[in-house]
Amino acid sequence: MSTAAFKPREPYRTFEDLVVGEKRKSRSRTVTQEEILEFARAYDPQWFHTDPESAKQSVFGQLVASGIHVLALWRQLDHEINWDIDFVCGVGWDELRLRRAIRAGDTIHVTSEIVSLEPSKSRADRGTAKTHYAVVLEDGTEAVTFTSINLVYTLEGRQRMAGTAQ
């Protein structure tokens, strides 16, 4: 499977730095047959993900990437565009839709847009950020869409984690 040039870095943007309406777009990336086969054979061995010849008889008419694989690709590209946000963790996805299968040779990118921000009512060290994501094909077709719900450290939370809180 393809490994991107992403190198983990220390996030620096806290909840207070985020803005509703902020949009980001990743680089483009072409999905290969080899990575579809490798991922599916390891994690989702459906015949239309693992056997190019048999997949011709499927509803897709050819080999397609597993939905779980596409979400892993989303995660890879998302880390490249939103690495700077100081996430506590993800807590859920709403309205996940697999709208169009990803095939070998498809070129995709990821878009993100922060759609809501809510400070925690019980913990001053974090807030909730909801972000709408799409895995998008070259022609603009949104293949996968969902809203991700994430906890993000506030400045107070970041200072506490770093041991510098007053």
# chains A, B, ... in the order shown; residues from 1 in each chain; ligands from 1
>>> residues_around(residues="Ser116 of chain A", least_positions_apart="3", cutoff="10 Å", atoms="only C-alpha atoms", output="VMD selection string")
chain A and resid 18 to 21 113 128 to 132 149
>>> write_last_selection(atoms="all heavy atoms", output="PDB file, in the first residue's frame")
ATOM      1  N   LEU A  18      -9.879  27.362  16.084  1.00  0.00           N
ATOM      2  CA  LEU A  18     -10.713  26.844  15.005  1.00  0.00           C
ATOM      3  C   LEU A  18     -11.843  27.811  14.683  1.00  0.00           C
ATOM      4  O   LEU A  18     -12.315  28.545  15.549  1.00  0.00           O
ATOM      5  CB  LEU A  18     -11.275  25.476  15.383  1.00  0.00           C
ATOM      6  CG  LEU A  18     -10.228  24.421  15.762  1.00  0.00           C
ATOM      7  CD1 LEU A  18     -10.914  23.103  16.089  1.00  0.00           C
ATOM      8  CD2 LEU A  18      -9.181  24.253  14.685  1.00  0.00           C
ATOM      9  N   VAL A  19     -12.286  27.796  13.424  1.00  0.00           N
ATOM     10  CA  VAL A  19     -13.318  28.722  12.949  1.00  0.00           C
ATOM     11  C   VAL A  19     -14.342  27.941  12.131  1.00  0.00           C
ATOM     12  O   VAL A  19     -13.977  27.196  11.210  1.00  0.00           O
ATOM     13  CB  VAL A  19     -12.687  29.826  12.056  1.00  0.00           C
ATOM     14  CG1 VAL A  19     -13.750  30.757  11.505  1.00  0.00           C
ATOM     15  CG2 VAL A  19     -11.631  30.600  12.824  1.00  0.00           C
ATOM     16  N   VAL A  20     -15.617  28.117  12.475  1.00  0.00           N
ATOM     17  CA  VAL A  20     -16.678  27.509  11.670  1.00  0.00           C
ATOM     18  C   VAL A  20     -16.563  28.052  10.245  1.00  0.00           C
ATOM     19  O   VAL A  20     -16.359  29.245  10.038  1.00  0.00           O
ATOM     20  CB  VAL A  20     -18.064  27.817  12.272  1.00  0.00           C
ATOM     21  CG1 VAL A  20     -19.177  27.382  11.321  1.00  0.00           C
ATOM     22  CG2 VAL A  20     -18.227  27.128  13.615  1.00  0.00           C
ATOM     23  N   GLY A  21     -16.650  27.150   9.286  1.00  0.00           N
ATOM     24  CA  GLY A  21     -16.529  27.533   7.878  1.00  0.00           C
ATOM     25  C   GLY A  21     -15.135  27.328   7.312  1.00  0.00           C
ATOM     26  O   GLY A  21     -14.943  27.415   6.099  1.00  0.00           O
ATOM     27  N   GLU A 113     -14.511  20.708   6.150  1.00  0.00           N
ATOM     28  CA  GLU A 113     -15.081  22.000   6.524  1.00  0.00           C
ATOM     29  C   GLU A 113     -15.609  21.901   7.946  1.00  0.00           C
ATOM     30  O   GLU A 113     -16.466  21.051   8.237  1.00  0.00           O
ATOM     31  CB  GLU A 113     -16.206  22.414   5.590  1.00  0.00           C
ATOM     32  CG  GLU A 113     -16.816  23.751   5.988  1.00  0.00           C
ATOM     33  CD  GLU A 113     -17.937  24.231   5.082  1.00  0.00           C
ATOM     34  OE1 GLU A 113     -18.270  23.529   4.109  1.00  0.00           O
ATOM     35  OE2 GLU A 113     -18.481  25.318   5.360  1.00  0.00           O
ATOM     36  N   THR A 128     -15.953  20.401  21.418  1.00  0.00           N
ATOM     37  CA  THR A 128     -16.344  19.491  20.344  1.00  0.00           C
ATOM     38  C   THR A 128     -16.351  20.241  19.018  1.00  0.00           C
ATOM     39  O   THR A 128     -16.969  21.301  18.896  1.00  0.00           O
ATOM     40  CB  THR A 128     -17.749  18.907  20.607  1.00  0.00           C
ATOM     41  OG1 THR A 128     -17.732  18.211  21.857  1.00  0.00           O
ATOM     42  CG2 THR A 128     -18.162  17.952  19.506  1.00  0.00           C
ATOM     43  N   ALA A 129     -15.652  19.680  18.053  1.00  0.00           N
ATOM     44  CA  ALA A 129     -15.629  20.218  16.695  1.00  0.00           C
ATOM     45  C   ALA A 129     -16.282  19.196  15.779  1.00  0.00           C
ATOM     46  O   ALA A 129     -15.907  18.022  15.782  1.00  0.00           O
ATOM     47  CB  ALA A 129     -14.199  20.485  16.242  1.00  0.00           C
ATOM     48  N   LYS A 130     -17.258  19.651  15.005  1.00  0.00           N
ATOM     49  CA  LYS A 130     -17.861  18.796  13.979  1.00  0.00           C
ATOM     50  C   LYS A 130     -17.336  19.270  12.634  1.00  0.00           C
ATOM     51  O   LYS A 130     -17.374  20.463  12.333  1.00  0.00           O
ATOM     52  CB  LYS A 130     -19.385  18.867  14.016  1.00  0.00           C
ATOM     53  CG  LYS A 130     -19.971  18.199  15.246  1.00  0.00           C
ATOM     54  CD  LYS A 130     -21.481  18.170  15.177  1.00  0.00           C
ATOM     55  CE  LYS A 130     -22.041  17.474  16.400  1.00  0.00           C
ATOM     56  NZ  LYS A 130     -23.522  17.451  16.358  1.00  0.00           N
ATOM     57  N   THR A 131     -16.852  18.312  11.859  1.00  0.00           N
ATOM     58  CA  THR A 131     -16.261  18.621  10.560  1.00  0.00           C
ATOM     59  C   THR A 131     -16.908  17.760   9.488  1.00  0.00           C
ATOM     60  O   THR A 131     -17.005  16.538   9.637  1.00  0.00           O
ATOM     61  CB  THR A 131     -14.737  18.356  10.590  1.00  0.00           C
ATOM     62  OG1 THR A 131     -14.159  19.106  11.655  1.00  0.00           O
ATOM     63  CG2 THR A 131     -14.079  18.734   9.277  1.00  0.00           C
ATOM     64  N   HIS A 132     -17.371  18.407   8.418  1.00  0.00           N
ATOM     65  CA  HIS A 132     -17.903  17.672   7.277  1.00  0.00           C
ATOM     66  C   HIS A 132     -16.739  17.296   6.372  1.00  0.00           C
ATOM     67  O   HIS A 132     -15.911  18.143   6.022  1.00  0.00           O
ATOM     68  CB  HIS A 132     -18.914  18.506   6.491  1.00  0.00           C
ATOM     69  CG  HIS A 132     -19.416  17.784   5.280  1.00  0.00           C
ATOM     70  ND1 HIS A 132     -20.349  16.779   5.356  1.00  0.00           N
ATOM     71  CD2 HIS A 132     -19.081  17.895   3.979  1.00  0.00           C
ATOM     72  CE1 HIS A 132     -20.570  16.309   4.144  1.00  0.00           C
ATOM     73  NE2 HIS A 132     -19.811  16.972   3.285  1.00  0.00           N
ATOM     74  N   ILE A 149     -17.134  13.866  14.449  1.00  0.00           N
ATOM     75  CA  ILE A 149     -17.274  14.554  15.732  1.00  0.00           C
ATOM     76  C   ILE A 149     -15.998  14.283  16.517  1.00  0.00           C
ATOM     77  O   ILE A 149     -15.660  13.122  16.787  1.00  0.00           O
ATOM     78  CB  ILE A 149     -18.503  14.043  16.495  1.00  0.00           C
ATOM     79  CG1 ILE A 149     -19.742  14.192  15.611  1.00  0.00           C
ATOM     80  CG2 ILE A 149     -18.666  14.784  17.824  1.00  0.00           C
ATOM     81  CD1 ILE A 149     -20.763  13.139  15.838  1.00  0.00           C
TER      82      ILE A 149
END
>>> residues_around(residues="Asp106 of chain A", least_positions_apart="3", cutoff="8 Å", atoms="only C-alpha atoms", output="list of chain:residue names")
A:Thr30, A:Val31, A:Thr32, A:Ile102, A:Arg103, A:Leu137, A:Glu138
>>> write_last_selection(atoms="N, CA, C and O atoms", output="JSON list (two decimals), in the first residue's frame")
[["chain", "number", "residue", "atom", "x", "y", "z"],
["A", 30, "THR", "N", -3.76, 8.83, -6.44],
["A", 30, "THR", "CA", -4.36, 7.81, -7.30],
["A", 30, "THR", "C", -4.32, 6.46, -6.60],
["A", 30, "THR", "O", -3.29, 6.05, -6.05],
["A", 31, "VAL", "N", -5.45, 5.78, -6.61],
["A", 31, "VAL", "CA", -5.60, 4.48, -5.96],
["A", 31, "VAL", "C", -5.22, 3.40, -6.97],
["A", 31, "VAL", "O", -5.68, 3.40, -8.11],
["A", 32, "THR", "N", -4.36, 2.47, -6.55],
["A", 32, "THR", "CA", -3.88, 1.42, -7.46],
["A", 32, "THR", "C", -4.58, 0.09, -7.20],
["A", 32, "THR", "O", -5.08, -0.16, -6.10],
["A", 102, "ILE", "N", -14.84, 3.29, -5.26],
["A", 102, "ILE", "CA", -13.52, 3.72, -5.73],
["A", 102, "ILE", "C", -12.89, 2.55, -6.47],
["A", 102, "ILE", "O", -12.81, 1.44, -5.94],
["A", 103, "ARG", "N", -12.43, 2.83, -7.67],
["A", 103, "ARG", "CA", -11.85, 1.81, -8.54],
["A", 103, "ARG", "C", -10.36, 2.07, -8.74],
["A", 103, "ARG", "O", -9.89, 3.20, -8.56],
["A", 137, "LEU", "N", -13.66, 12.61, -6.10],
["A", 137, "LEU", "CA", -13.00, 12.18, -7.33],
["A", 137, "LEU", "C", -12.58, 13.40, -8.15],
["A", 137, "LEU", "O", -13.07, 14.51, -7.93],
["A", 138, "GLU", "N", -11.72, 13.16, -9.14],
["A", 138, "GLU", "CA", -11.22, 14.25, -10.00],
["A", 138, "GLU", "C", -12.32, 15.07, -10.65],
["A", 138, "GLU", "O", -12.18, 16.28, -10.82]]
>>> closest_atom_pairs(of="segment 17-53 of chain A", to="segment 62-69 of chain A", cutoff="12 Å", atoms="only C-alpha atoms", output="tab-separated table")
residue	atom	partner	partner_atom	distance
A:Val31	CA	A:Ala65	CA	8.6
A:Thr32	CA	A:Ala65	CA	9.4
A:Gln33	CA	A:Leu63	CA	7.9
A:Glu34	CA	A:Ala65	CA	10.4
A:Glu35	CA	A:Ala65	CA	8.7
A:Ile36	CA	A:Ala65	CA	5.2
A:Leu37	CA	A:Ala65	CA	8.0
A:Glu38	CA	A:His69	CA	10.1
A:Phe39	CA	A:His69	CA	6.6
A:Ala40	CA	A:Ser66	CA	6.5
A:Arg41	CA	A:Ser66	CA	10.2
A:Ala42	CA	A:His69	CA	10.5
A:Tyr43	CA	A:Ile68	CA	8.4
A:Asp44	CA	A:Ser66	CA	6.6
A:Pro45	CA	A:Ser66	CA	8.8
A:Gln46	CA	A:Ser66	CA	8.3
A:Trp47	CA	A:Leu63	CA	8.7
A:Phe48	CA	A:Leu63	CA	5.5
A:His49	CA	A:Val64	CA	5.5
A:Thr50	CA	A:Leu63	CA	7.4
A:Asp51	CA	A:Leu63	CA	7.0
A:Pro52	CA	A:Leu63	CA	5.1
A:Glu53	CA	A:Gln62	CA	7.7
>>> atom_distance(atom1="atom CA of Phe15 of chain A", atom2="atom CA of Val152 of chain A")
5.6 Å
>>> select_by_dssp(residues="segment 7-155 of chain A", states="helix (DSSP H, G or I)", output="ChimeraX atom specification")
/A:15-17,33-43,47-50,52-55,67-82,155
>>> closest_residue(among="A:Pro119, A:Thr14, A:Arg75, A:Glu156", to="Gly90 of chain A", atoms="only C-alpha atoms")
A:Arg75
>>> select_by_dssp(residues="chain A", states="strand (DSSP E)", output="count of residues only")
54
>>> residues_around(residues="Ala162 of chain A", least_positions_apart="5", cutoff="12 Å", atoms="only C-alpha atoms", output="PyMOL selection string")
chain A and resi 10+12+153+155-157
>>> closest_residue(among="A:Gln57, A:Gln76, A:Ser122, A:Thr141", to="Ala101 of chain A", atoms="only C-alpha atoms")
A:Thr141
>>> residues_around(residues="segment 80-84 of chain A", least_positions_apart="3", cutoff="6 Å", atoms="only C-alpha atoms", output="compact mmCIF listing (two decimals) with N, CA, C and O atoms, in the first residue's frame")
# COMPACT_ATOMS: atom_id res chain seq x y z
N PRO A 11 0.88 18.92 17.00
CA PRO A 11 -0.21 19.85 16.68
C PRO A 11 -0.12 21.10 17.56
O PRO A 11 0.37 21.04 18.68
N TYR A 12 -0.58 22.21 17.03
CA TYR A 12 -0.47 23.45 17.79
C TYR A 12 -1.76 24.25 17.84
O TYR A 12 -1.87 25.21 18.60
N ARG A 13 -2.74 23.92 17.02
CA ARG A 13 -3.99 24.68 17.01
C ARG A 13 -4.97 24.09 18.02
O ARG A 13 -5.34 22.92 17.92
N SER A 26 -6.95 18.37 0.52
CA SER A 26 -5.71 17.61 0.49
C SER A 26 -5.12 17.56 -0.92
O SER A 26 -5.76 17.99 -1.89
N LEU A 77 -5.08 11.11 4.19
CA LEU A 77 -5.08 12.46 3.60
C LEU A 77 -5.52 13.51 4.62
O LEU A 77 -5.01 14.63 4.60
>>> residues_around(residues="Leu151 of chain A", least_positions_apart="3", cutoff="6 Å", atoms="only C-alpha atoms", output="MDAnalysis selection string")
chainID A and resid 87:89 127:128
>>> atom_distance(atom1="atom CA of Asp78 of chain A", atom2="atom CA of Leu117 of chain A")
18.5 Å
>>> atom_distance(atom1="atom CA of Asp94 of chain A", atom2="atom CA of Ser148 of chain A")
6.5 Å
>>> closest_residue(among="A:Arg158, A:Val70, A:Lys56, A:Thr147", to="Ile114 of chain A", atoms="only C-alpha atoms")
A:Thr147
